[in-house]
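Here is entry.txt, consisting of compact mmCIF, C-alpha atoms:
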# COMPACT_ATOMS: atom_id res chain seq x y z
CA MET A 10 -84.75 5.90 29.56
CA ALA A 11 -83.53 7.17 26.23
CA THR A 12 -85.12 5.72 23.12
CA ASP A 13 -83.29 5.21 19.83
CA ILE A 14 -85.53 6.77 17.17
CA THR A 15 -83.22 6.06 14.21
CA PRO A 16 -85.19 2.99 12.98
CA GLU A 17 -88.37 5.10 12.84
CA LYS A 18 -86.66 7.57 10.50
CA GLU A 19 -85.18 5.00 8.13
CA PRO A 20 -88.42 4.20 6.23
CA GLU A 21 -89.03 7.90 5.66
CA SER A 22 -85.43 8.32 4.49
CA ARG A 23 -85.78 5.39 2.09
CA ALA A 24 -89.03 6.81 0.80
CA ASP A 25 -87.42 10.18 0.21
CA ALA A 26 -84.54 8.53 -1.64
CA PHE A 27 -87.00 6.55 -3.76
CA GLU A 28 -88.90 9.73 -4.64
CA GLU A 29 -85.63 11.38 -5.64
CA ASP A 30 -84.79 8.43 -7.86
CA LEU A 31 -88.22 8.58 -9.51
CA GLU A 32 -87.70 12.27 -10.20
CA ALA A 33 -84.28 11.48 -11.67
CA VAL A 34 -85.83 8.84 -13.94
CA ASP A 35 -88.32 11.41 -15.22
CA GLU A 36 -85.46 13.88 -15.67
CA LEU A 37 -83.45 11.39 -17.71
CA SER A 38 -86.42 10.47 -19.88
CA ARG A 39 -87.15 14.14 -20.60
CA ALA A 40 -83.48 14.82 -21.23
CA ARG A 41 -83.35 11.97 -23.72
CA ASP A 42 -86.19 13.50 -25.78
CA ALA A 43 -84.58 16.93 -25.63
CA ILE A 44 -81.17 15.56 -26.63
CA MET A 45 -82.64 13.70 -29.59
CA GLU A 46 -84.44 16.85 -30.70
CA GLN A 47 -81.25 18.90 -30.62
CA VAL A 48 -79.05 16.33 -32.36
CA ARG A 49 -81.66 15.86 -35.12
CA LYS A 50 -81.09 19.51 -36.06
CA ARG A 51 -77.73 18.47 -37.51
CA ILE A 52 -77.87 14.69 -37.98
CA TYR A 53 -80.50 13.07 -40.19
CA GLY A 54 -81.73 9.49 -40.16
CA GLN A 55 -79.52 8.11 -37.38
CA ASP A 56 -81.98 7.86 -34.47
CA GLU A 57 -81.08 4.30 -33.49
CA LEU A 58 -77.38 5.14 -33.58
CA ILE A 59 -77.89 8.21 -31.38
CA GLU A 60 -79.96 6.21 -28.89
CA HIS A 61 -77.25 3.55 -28.66
CA MET A 62 -74.65 6.24 -28.03
CA LEU A 63 -76.77 7.68 -25.22
CA VAL A 64 -77.11 4.22 -23.70
CA ALA A 65 -73.32 3.88 -23.79
CA ILE A 66 -72.80 7.28 -22.17
CA PHE A 67 -75.14 6.65 -19.24
CA ALA A 68 -73.87 3.08 -18.81
CA ARG A 69 -70.25 4.35 -18.67
CA GLY A 70 -69.40 2.47 -21.87
CA HIS A 71 -67.02 3.31 -24.70
CA SER A 72 -68.10 2.84 -28.32
CA LEU A 73 -66.44 1.93 -31.60
CA LEU A 74 -68.13 3.43 -34.66
CA VAL A 75 -67.46 1.56 -37.90
CA GLY A 76 -68.44 3.10 -41.22
CA VAL A 77 -67.12 4.35 -44.53
CA PRO A 78 -65.94 7.98 -44.78
CA GLY A 79 -68.52 10.71 -45.16
CA LEU A 80 -71.22 9.35 -42.83
CA ALA A 81 -70.84 12.21 -40.30
CA LYS A 82 -69.31 10.09 -37.53
CA THR A 83 -67.06 12.89 -36.33
CA TYR A 84 -69.79 15.52 -36.74
CA LEU A 85 -72.23 13.39 -34.74
CA ILE A 86 -69.83 12.92 -31.82
CA SER A 87 -68.87 16.60 -31.67
CA THR A 88 -72.55 17.60 -31.83
CA LEU A 89 -73.42 15.21 -29.02
CA SER A 90 -70.63 16.62 -26.84
CA ARG A 91 -71.96 20.14 -27.41
CA VAL A 92 -75.54 19.15 -26.51
CA LEU A 93 -74.32 17.36 -23.36
CA ASN A 94 -72.05 20.30 -22.48
CA LEU A 95 -68.99 18.05 -22.20
CA GLU A 96 -65.39 19.00 -22.89
CA PHE A 97 -64.44 17.48 -26.24
CA ASN A 98 -61.10 16.54 -27.81
CA ARG A 99 -60.26 14.79 -31.06
CA ILE A 100 -57.15 12.76 -31.89
CA GLN A 101 -56.38 11.83 -35.48
CA PHE A 102 -54.63 8.48 -35.20
CA THR A 103 -51.69 8.04 -37.58
CA PRO A 104 -48.82 5.52 -37.86
CA ASP A 105 -46.36 7.97 -36.30
CA LEU A 106 -48.54 8.80 -33.28
CA MET A 107 -46.77 8.14 -29.98
CA PRO A 108 -48.28 7.27 -26.57
CA ALA A 109 -47.15 10.65 -25.19
CA ASP A 110 -49.16 12.36 -27.94
CA ILE A 111 -52.26 10.94 -26.24
CA THR A 112 -51.45 10.95 -22.53
CA GLY A 113 -49.10 13.93 -22.30
CA THR A 114 -45.45 14.24 -21.33
CA ASP A 115 -43.04 15.84 -18.85
CA ILE A 116 -41.27 18.97 -20.05
CA LEU A 117 -38.29 20.72 -18.46
CA GLU A 118 -39.09 24.22 -17.22
CA GLU A 119 -36.88 26.87 -15.63
CA ASP A 120 -38.14 29.06 -12.81
CA PRO A 121 -37.53 32.68 -13.94
CA VAL A 122 -36.96 33.81 -10.32
CA SER A 123 -34.76 31.11 -8.84
CA GLY A 124 -33.31 29.78 -12.07
CA LYS A 125 -33.99 26.21 -10.92
CA ARG A 126 -35.20 23.66 -13.41
CA HIS A 127 -38.00 21.21 -12.81
CA PHE A 128 -40.22 18.87 -14.77
CA LYS A 129 -43.83 19.83 -15.42
CA PHE A 130 -46.44 17.44 -16.78
CA MET A 131 -48.24 18.75 -19.86
CA GLN A 132 -51.60 17.05 -20.21
CA GLY A 133 -52.41 15.35 -23.50
CA PRO A 134 -55.76 15.39 -25.32
CA VAL A 135 -56.95 12.37 -23.32
CA PHE A 136 -57.66 14.76 -20.43
CA THR A 137 -61.21 15.57 -21.48
CA ASN A 138 -64.75 14.29 -21.00
CA LEU A 139 -65.51 12.99 -24.48
CA LEU A 140 -62.59 11.83 -26.61
CA LEU A 141 -62.90 11.09 -30.31
CA ALA A 142 -60.23 8.60 -31.40
CA ASP A 143 -60.47 9.04 -35.16
CA GLU A 144 -59.36 6.02 -37.23
CA ILE A 145 -58.02 4.24 -34.19
CA ASN A 146 -56.73 1.30 -36.24
CA ARG A 147 -54.17 3.50 -38.03
CA THR A 148 -51.78 3.68 -35.08
CA PRO A 149 -49.40 0.97 -33.78
CA PRO A 150 -50.42 -1.34 -30.89
CA LYS A 151 -48.16 0.46 -28.39
CA THR A 152 -50.10 3.69 -28.88
CA GLN A 153 -53.42 1.86 -28.87
CA ALA A 154 -52.46 0.35 -25.50
CA ALA A 155 -51.88 3.82 -24.03
CA LEU A 156 -55.49 4.68 -24.78
CA LEU A 157 -56.63 1.33 -23.39
CA GLN A 158 -55.33 2.16 -19.90
CA SER A 159 -57.30 5.39 -19.89
CA MET A 160 -60.46 3.59 -21.00
CA ALA A 161 -60.19 0.82 -18.43
CA GLU A 162 -58.76 2.62 -15.39
CA TYR A 163 -59.64 6.32 -15.89
CA HIS A 164 -56.08 7.44 -15.32
CA VAL A 165 -52.79 7.70 -17.18
CA SER A 166 -49.22 7.00 -16.09
CA ALA A 167 -46.33 9.20 -17.14
CA GLY A 168 -42.90 9.80 -15.65
CA GLY A 169 -43.54 7.32 -12.86
CA LYS A 170 -46.65 9.22 -11.70
CA THR A 171 -50.36 8.55 -12.07
CA TYR A 172 -52.78 11.26 -13.13
CA GLU A 173 -56.53 10.85 -12.68
CA LEU A 174 -58.89 11.76 -15.51
CA ASP A 175 -61.87 14.01 -14.93
CA LEU A 176 -65.19 12.17 -14.95
CA PRO A 177 -67.26 11.53 -16.92
CA PHE A 178 -64.73 10.14 -19.35
CA LEU A 179 -65.85 8.38 -22.53
CA VAL A 180 -64.09 7.31 -25.70
CA PHE A 181 -65.81 7.16 -29.07
CA ALA A 182 -63.46 5.65 -31.63
CA THR A 183 -64.00 5.44 -35.39
CA GLN A 184 -62.78 2.90 -37.88
CA ASN A 185 -62.97 2.63 -41.66
CA PRO A 186 -64.02 -0.92 -42.69
CA ILE A 187 -62.99 -0.74 -46.35
CA GLU A 188 -59.48 0.71 -46.28
CA GLN A 189 -57.19 -1.74 -44.52
CA GLU A 190 -53.81 -0.90 -46.08
CA GLY A 191 -51.42 0.51 -43.51
CA THR A 192 -53.68 -0.29 -40.56
CA TYR A 193 -53.17 -2.13 -37.27
CA PRO A 194 -56.32 -4.16 -36.49
CA LEU A 195 -57.43 -3.87 -32.89
CA PRO A 196 -56.76 -7.08 -30.96
CA GLU A 197 -59.72 -8.91 -29.46
CA ALA A 198 -58.70 -7.92 -25.92
CA GLN A 199 -58.92 -4.24 -26.83
CA LEU A 200 -62.13 -4.64 -28.83
CA ASP A 201 -63.67 -6.17 -25.71
CA ARG A 202 -63.08 -2.88 -23.88
CA PHE A 203 -65.63 -1.20 -26.12
CA MET A 204 -69.17 -1.66 -24.89
CA PHE A 205 -70.64 -1.16 -28.36
CA GLN A 206 -69.52 -1.62 -31.92
CA LEU A 207 -71.92 0.57 -33.87
CA ASP A 208 -71.95 -0.18 -37.59
CA ILE A 209 -73.08 2.81 -39.65
CA ASP A 210 -74.58 2.20 -43.08
CA TYR A 211 -75.47 4.53 -45.92
CA PRO A 212 -78.59 6.65 -45.25
CA GLU A 213 -81.92 5.99 -46.96
CA ALA A 214 -82.78 7.99 -50.07
CA ASP A 215 -85.07 10.54 -48.38
CA LYS A 216 -82.58 11.09 -45.52
CA GLU A 217 -79.71 11.50 -47.96
CA HIS A 218 -81.80 14.10 -49.80
CA GLN A 219 -82.19 16.02 -46.52
CA ILE A 220 -78.47 15.73 -45.77
CA VAL A 221 -77.42 17.15 -49.12
CA LYS A 222 -80.04 19.89 -49.03
CA HIS A 223 -79.39 21.17 -45.51
CA THR A 224 -75.61 20.80 -45.35
CA THR A 225 -74.80 22.77 -48.50
CA THR A 226 -75.95 26.15 -47.21
CA SER A 227 -74.24 28.87 -45.19
CA LYS A 228 -76.32 28.14 -42.10
CA THR A 229 -75.25 25.71 -39.38
CA PRO A 230 -78.10 24.91 -36.97
CA GLU A 231 -77.37 25.95 -33.39
CA VAL A 232 -77.97 23.36 -30.68
CA GLU A 233 -78.89 23.94 -27.06
CA LYS A 234 -77.06 22.46 -24.08
CA ILE A 235 -79.29 19.98 -22.26
CA LEU A 236 -77.13 18.44 -19.50
CA ASP A 237 -73.64 18.83 -18.07
CA GLY A 238 -70.93 16.61 -16.61
CA GLU A 239 -72.28 16.74 -13.06
CA ALA A 240 -75.79 15.75 -14.15
CA ILE A 241 -74.44 12.92 -16.29
CA LEU A 242 -72.42 11.53 -13.36
CA ARG A 243 -75.52 11.59 -11.18
CA LEU A 244 -77.58 9.81 -13.82
CA GLN A 245 -74.81 7.25 -14.36
CA ASP A 246 -75.01 6.41 -10.66
CA LEU A 247 -78.79 6.07 -11.01
CA VAL A 248 -78.32 3.44 -13.74
CA LEU A 249 -76.40 1.24 -11.29
CA LYS A 250 -79.33 1.34 -8.84
CA VAL A 251 -81.87 -0.13 -11.27
CA PRO A 252 -82.89 -3.63 -10.12
CA VAL A 253 -82.80 -6.52 -12.59
CA SER A 254 -84.72 -9.77 -12.21
CA ASP A 255 -82.95 -13.11 -12.19
CA GLU A 256 -84.92 -14.00 -15.31
CA VAL A 257 -83.36 -11.15 -17.30
CA VAL A 258 -79.87 -11.87 -15.94
CA SER A 259 -80.26 -15.55 -16.87
CA TYR A 260 -81.40 -14.60 -20.37
CA ALA A 261 -78.34 -12.37 -20.88
CA VAL A 262 -75.92 -14.97 -19.49
CA ASP A 263 -77.46 -17.79 -21.54
CA LEU A 264 -77.28 -15.68 -24.70
CA VAL A 265 -73.58 -14.98 -24.13
CA ARG A 266 -72.76 -18.59 -23.27
CA LYS A 267 -74.43 -19.85 -26.44
CA THR A 268 -71.94 -17.85 -28.53
CA ARG A 269 -69.12 -20.13 -27.34
CA PRO A 270 -68.69 -22.97 -29.86
CA GLU A 271 -66.99 -25.23 -27.31
CA GLY A 272 -69.89 -24.94 -24.86
CA GLU A 273 -72.38 -27.73 -24.26
CA ASP A 274 -75.36 -25.45 -24.95
CA ALA A 275 -73.99 -23.99 -28.18
CA PRO A 276 -76.36 -24.54 -31.14
CA LYS A 277 -75.08 -26.39 -34.18
CA PHE A 278 -74.78 -23.26 -36.33
CA VAL A 279 -72.63 -21.58 -33.67
CA ARG A 280 -70.20 -24.51 -33.74
CA GLU A 281 -70.16 -24.36 -37.53
CA TYR A 282 -69.53 -20.65 -37.95
CA LEU A 283 -67.77 -19.33 -34.82
CA SER A 284 -64.26 -20.08 -33.64
CA TRP A 285 -64.54 -17.97 -30.48
CA GLY A 286 -67.40 -16.62 -28.37
CA ALA A 287 -68.03 -13.68 -26.04
CA GLY A 288 -66.69 -13.47 -22.49
CA PRO A 289 -68.36 -12.45 -19.22
CA ARG A 290 -67.84 -8.74 -19.96
CA ALA A 291 -70.47 -9.11 -22.69
CA GLY A 292 -73.06 -10.20 -20.12
CA GLN A 293 -72.16 -7.25 -17.91
CA ALA A 294 -72.57 -4.91 -20.88
CA LEU A 295 -75.98 -6.40 -21.75
CA ILE A 296 -77.29 -5.81 -18.24
CA LEU A 297 -75.78 -2.33 -17.80
CA GLY A 298 -76.95 -1.34 -21.26
CA GLY A 299 -80.40 -2.72 -20.52
CA LYS A 300 -80.58 -0.64 -17.35
CA ALA A 301 -79.62 2.54 -19.19
CA ARG A 302 -82.03 1.82 -22.03
CA ALA A 303 -84.90 1.26 -19.61
CA LEU A 304 -84.22 4.53 -17.76
CA LEU A 305 -83.91 6.49 -21.00
CA ASP A 306 -87.34 5.10 -21.88
CA GLY A 307 -88.73 6.20 -18.50
CA ARG A 308 -88.93 2.69 -17.02
CA LEU A 309 -87.58 1.32 -13.75
CA THR A 310 -87.64 -2.30 -14.89
CA VAL A 311 -85.33 -4.04 -17.34
CA SER A 312 -86.86 -6.57 -19.72
CA THR A 313 -85.45 -9.19 -22.06
CA GLU A 314 -86.47 -6.88 -24.90
CA ASP A 315 -83.87 -4.38 -23.67
CA VAL A 316 -81.24 -7.11 -23.83
CA LYS A 317 -82.34 -8.18 -27.31
CA ALA A 318 -82.29 -4.60 -28.59
CA LEU A 319 -78.63 -4.23 -27.58
CA ALA A 320 -77.39 -7.72 -28.44
CA LEU A 321 -76.03 -6.90 -31.90
CA PRO A 322 -73.83 -3.89 -31.02
CA ILE A 323 -72.63 -5.57 -27.82
CA LEU A 324 -71.82 -9.02 -29.23
CA ARG A 325 -70.76 -8.47 -32.85
CA HIS A 326 -67.17 -7.49 -32.00
CA ARG A 327 -66.84 -10.11 -29.27
CA VAL A 328 -67.42 -13.20 -31.42
CA LEU A 329 -64.99 -14.44 -34.04
CA THR A 330 -66.22 -16.12 -37.23
CA ASN A 331 -64.21 -18.95 -38.81
CA PHE A 332 -63.15 -19.84 -42.34
CA GLN A 333 -66.39 -21.69 -43.07
CA ALA A 334 -68.43 -18.61 -42.22
CA GLU A 335 -66.21 -16.47 -44.44
CA ALA A 336 -66.53 -18.94 -47.32
CA GLU A 337 -70.33 -18.99 -47.04
CA GLY A 338 -70.67 -15.24 -46.50
CA VAL A 339 -71.97 -15.62 -42.94
CA LYS A 340 -71.22 -12.65 -40.70
CA ALA A 341 -71.22 -12.30 -36.92
CA ASP A 342 -74.50 -10.37 -37.10
CA ASP A 343 -76.16 -13.30 -38.88
CA VAL A 344 -75.15 -15.72 -36.13
CA ILE A 345 -76.34 -13.36 -33.38
CA ARG A 346 -79.71 -12.83 -35.11
CA ARG A 347 -80.23 -16.58 -35.29
CA LEU A 348 -79.47 -16.85 -31.59
CA LEU A 349 -82.03 -14.12 -30.82
CA GLU A 350 -84.64 -15.86 -32.96
CA GLY A 351 -84.08 -19.06 -31.02

Conversion result in structure tokens:
Amino acid sequence: MATDITPEKEPESRADAFEEDLEAVDELSRARDAIMEQVRKRIYGQDELIEHMLVAIFARGHSLLVGVPGLAKTYLISTLSRVLNLEFNRIQFTPDLMPADITGTDILEEDPVSGKRHFKFMQGPVFTNLLLADEINRTPPKTQAALLQSMAEYHVSAGGKTYELDLPFLVFATQNPIEQEGTYPLPEAQLDRFMFQLDIDYPEADKEHQIVKHTTTSKTPEVEKILDGEAILRLQDLVLKVPVSDEVVSYAVDLVRKTRPEGEDAPKFVREYLSWGAGPRAGQALILGGKARALLDGRLTVSTEDVKALALPILRHRVLTNFQAEAEGVKADDVIRRLLEG
């Protein structure tokens, strides 16, 4: 009588898969150190920012970088794309930018042999791995919405057809916080599509000294390529496999729910200073980001400390302060810090 031996092989198969995952965790942790080393050759004093960007990349999240001009936002993103060996495109957003300037358009071509004419789709700059949307708030909402579809669905629609984007696909957008004339503020629904809002401040004195010294010479440091698109996709899949305890999930959900001033569990200061809180996508981002952060640190377990470390960049653009907060000089970051302390 024949015997089914498949069940006897399953434990071995699971063990092999687990060993492969452990090796991948070690690979990601080593890659993180190597990536940081390469990026530091060109970027000084922005370690936390770089780490947050790596978390976003491996958690499949887009990021909005907010900072005054001259803080090397564009240079950082282009350097990171080179180190990760990803195809990179940059779009300078302006008031006259049209959706087709991002997604691409159909052009009429004539076959030189037959003389017949046909439409051919010319891909726009969105067809890349890492897209820099420079000064994204300088273009009208219609053009912003064209980018939103690409961010959310990983494809674009043109001429009644749908074109898939090559993966990995990530958007890093920049925004100038001090120059608001002639801008189109991003609506809350679109801000929510960004996993992180990374606020960039002026560098410390010693770091600024290094920046001025090393960037005013004829030499540009060369950086090595550490990963590639295929490896990043594999490591992104690994992030989804990381288990998370109910305790950590509950902590993330409770933190998000306490940002909602109309909620029963909202602290008094939240009701005083916020007019709107974060939605469920914030909780998803906290858990996915926590998974990526743990793996980048060489750990297979996600802790509440991972959630706390990412709370500011994940929540600050998802809560809306009211007039009382503005009058008293209370910012979204202040409210989130008080929630974390509690």

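The spacing separating CA of Thr183 (chain A) from CA of Leu141 (chain A) amounts to 7.7 Å.
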
Which residues of region 122-185 of chain A come within 12 Å of region 223-241 of chain A, and what is each one's closest atom pair and distance in Å (one decimal), counting only C-alpha atoms, sorted by chain and residue number, as a tab-separated table?
residue	atom	partner	partner_atom	distance
A:Thr137	CA	A:Gly238	CA	10.9
A:Asn138	CA	A:Gly238	CA	7.9
A:Leu139	CA	A:Gly238	CA	10.2
A:Asp175	CA	A:Gly238	CA	9.6
A:Leu176	CA	A:Gly238	CA	7.4
A:Pro177	CA	A:Gly238	CA	6.3
A:Phe178	CA	A:Gly238	CA	9.4
A:Leu179	CA	A:Gly238	CA	11.3

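Counting all atoms listed in the file, the residue from A:Arg325, A:His61, A:Arg39, A:Lys125 that sits nearest to Gly298 (chain A) is A:His61.
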
- Message: Nearest residue to Asp110 (chain A) out of A:Ala161, A:Val135, A:Ala33, A:Leu247, using all atoms listed in the file?
- Response: A:Val135

- Would you kindly return, as a PyMOL selection string, each protein, DNA or RNA residue with an atom no farther than 8 Å from any atom of Leu309 (chain A), considering all atoms listed in the file and excluding same-chain residues fewer than 4 positions away? chain A and resi 34+251-252+303-304

- Contacts of Val48 (chain A) within 10 Å, only C-alpha atoms, excl. fewer than 3 positions in-chain, as a list in words: Ala43, Ile44, Met45, Arg51, Ile52, Tyr53, Gln55, Asp56, Ile59, Leu85, Ile86, Thr88, Leu89, Arg91, Val92, Pro230, Glu231, Val232 and Glu233 of chain A

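In this comparison, which uses only C-alpha atoms, the residue of A:Asp210, A:Glu350, A:Glu281, A:Glu271 approaching Gly79 (chain A) most closely is A:Asp210.
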
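CA of Phe205 (chain A) sits 4.7 Å away from CA of Ser72 (chain A).
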
- Using all atoms listed in the file, determine which residues lie at most 6 Å from Pro108 (chain A), disregarding the query and same-chain residues fewer than 3 positions distant; provide the list as a ChimeraX atom specification. /A:111,152,155

- Message: From the options A:Asp208, A:Asp215, A:Leu348, A:Asp105, which residue's atoms come nearest to Lys277 (chain A), counting all atoms listed in the file?
- Response: A:Leu348

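Residues lying within 12 Å of Thr171 (chain A), counting all atoms listed in the file and ignoring same-chain neighbours fewer than 3 positions away, are Thr112, Gly113, Thr114, Phe130, Gln132, Gln158, Ser159, Glu162, Tyr163, His164, Val165, Ser166, Ala167, Gly168 and Leu174 of chain A.
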
Take the residues from that selection and put them in a file with C-alpha atoms, as a PDB file, keeping the file's coordinate frame.
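Listing of selection-v1.pdb after writing:
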ATOM      1  CA  THR A 112     -51.450  10.950 -22.530  1.00  0.00           C
ATOM      2  CA  GLY A 113     -49.100  13.930 -22.300  1.00  0.00           C
ATOM      3  CA  THR A 114     -45.450  14.240 -21.330  1.00  0.00           C
ATOM      4  CA  PHE A 130     -46.440  17.440 -16.780  1.00  0.00           C
ATOM      5  CA  GLN A 132     -51.600  17.050 -20.210  1.00  0.00           C
ATOM      6  CA  GLN A 158     -55.330   2.160 -19.900  1.00  0.00           C
ATOM      7  CA  SER A 159     -57.300   5.390 -19.890  1.00  0.00           C
ATOM      8  CA  GLU A 162     -58.760   2.620 -15.390  1.00  0.00           C
ATOM      9  CA  TYR A 163     -59.640   6.320 -15.890  1.00  0.00           C
ATOM     10  CA  HIS A 164     -56.080   7.440 -15.320  1.00  0.00           C
ATOM     11  CA  VAL A 165     -52.790   7.700 -17.180  1.00  0.00           C
ATOM     12  CA  SER A 166     -49.220   7.000 -16.090  1.00  0.00           C
ATOM     13  CA  ALA A 167     -46.330   9.200 -17.140  1.00  0.00           C
ATOM     14  CA  GLY A 168     -42.900   9.800 -15.650  1.00  0.00           C
ATOM     15  CA  LEU A 174     -58.890  11.760 -15.510  1.00  0.00           C
TER      16      LEU A 174
END

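Comparing A:Met204, A:Ile100, A:Tyr193, A:Gly54 by their smallest distance to His218 (chain A), the closest is A:Gly54 (using all atoms listed in the file).
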
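Residue nearest Tyr282 (chain A), chosen from A:Ile345, A:Val77, A:Val316, A:Met160 and counting all atoms listed in the file: A:Ile345.
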
Return as a Markdown table the residues of region 235-282 of chain A lying at most 12 Å from region 326-339 of chain A, together with the closest atom-to-atom pair for each and the distance in Å to one decimal, counting only C-alpha atoms, with rows in chain order and ascending residue number.
| residue | atom | partner | partner_atom | distance |
| --- | --- | --- | --- | --- |
| A:Val265 | CA | A:Val328 | CA | 9.7 |
| A:Arg266 | CA | A:Val328 | CA | 11.1 |
| A:Lys267 | CA | A:Val328 | CA | 10.9 |
| A:Thr268 | CA | A:Val328 | CA | 7.1 |
| A:Arg269 | CA | A:Val328 | CA | 8.2 |
| A:Pro270 | CA | A:Val328 | CA | 10.0 |
| A:Phe278 | CA | A:Ala334 | CA | 9.8 |
| A:Val279 | CA | A:Thr330 | CA | 9.1 |
| A:Arg280 | CA | A:Asn331 | CA | 9.6 |
| A:Glu281 | CA | A:Gln333 | CA | 7.2 |
| A:Tyr282 | CA | A:Ala334 | CA | 4.9 |

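Our summary of the geometry notes that CA of Gln206 (chain A) is positioned 7.1 Å from CA of Val75 (chain A).
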
Find the smallest box with edges along x, y and z containing every listed atom of region 288-303 of chain A, then add 3 Å on each side and report centre and edge lengths in Å to one decimal, as AutoDock Vina command-line options.
--center_x -75.8 --center_y -5.5 --center_z -20.0 --size_x 24.2 --size_y 22.0 --size_z 11.3

- Query: Could you pull the residues within 10 Å of Ser254 (chain A), counting all atoms listed in the file, minus those fewer than 6 positions along the same chain, as an MDAnalysis selection string?
  - Reply: chainID A and resid 310:313
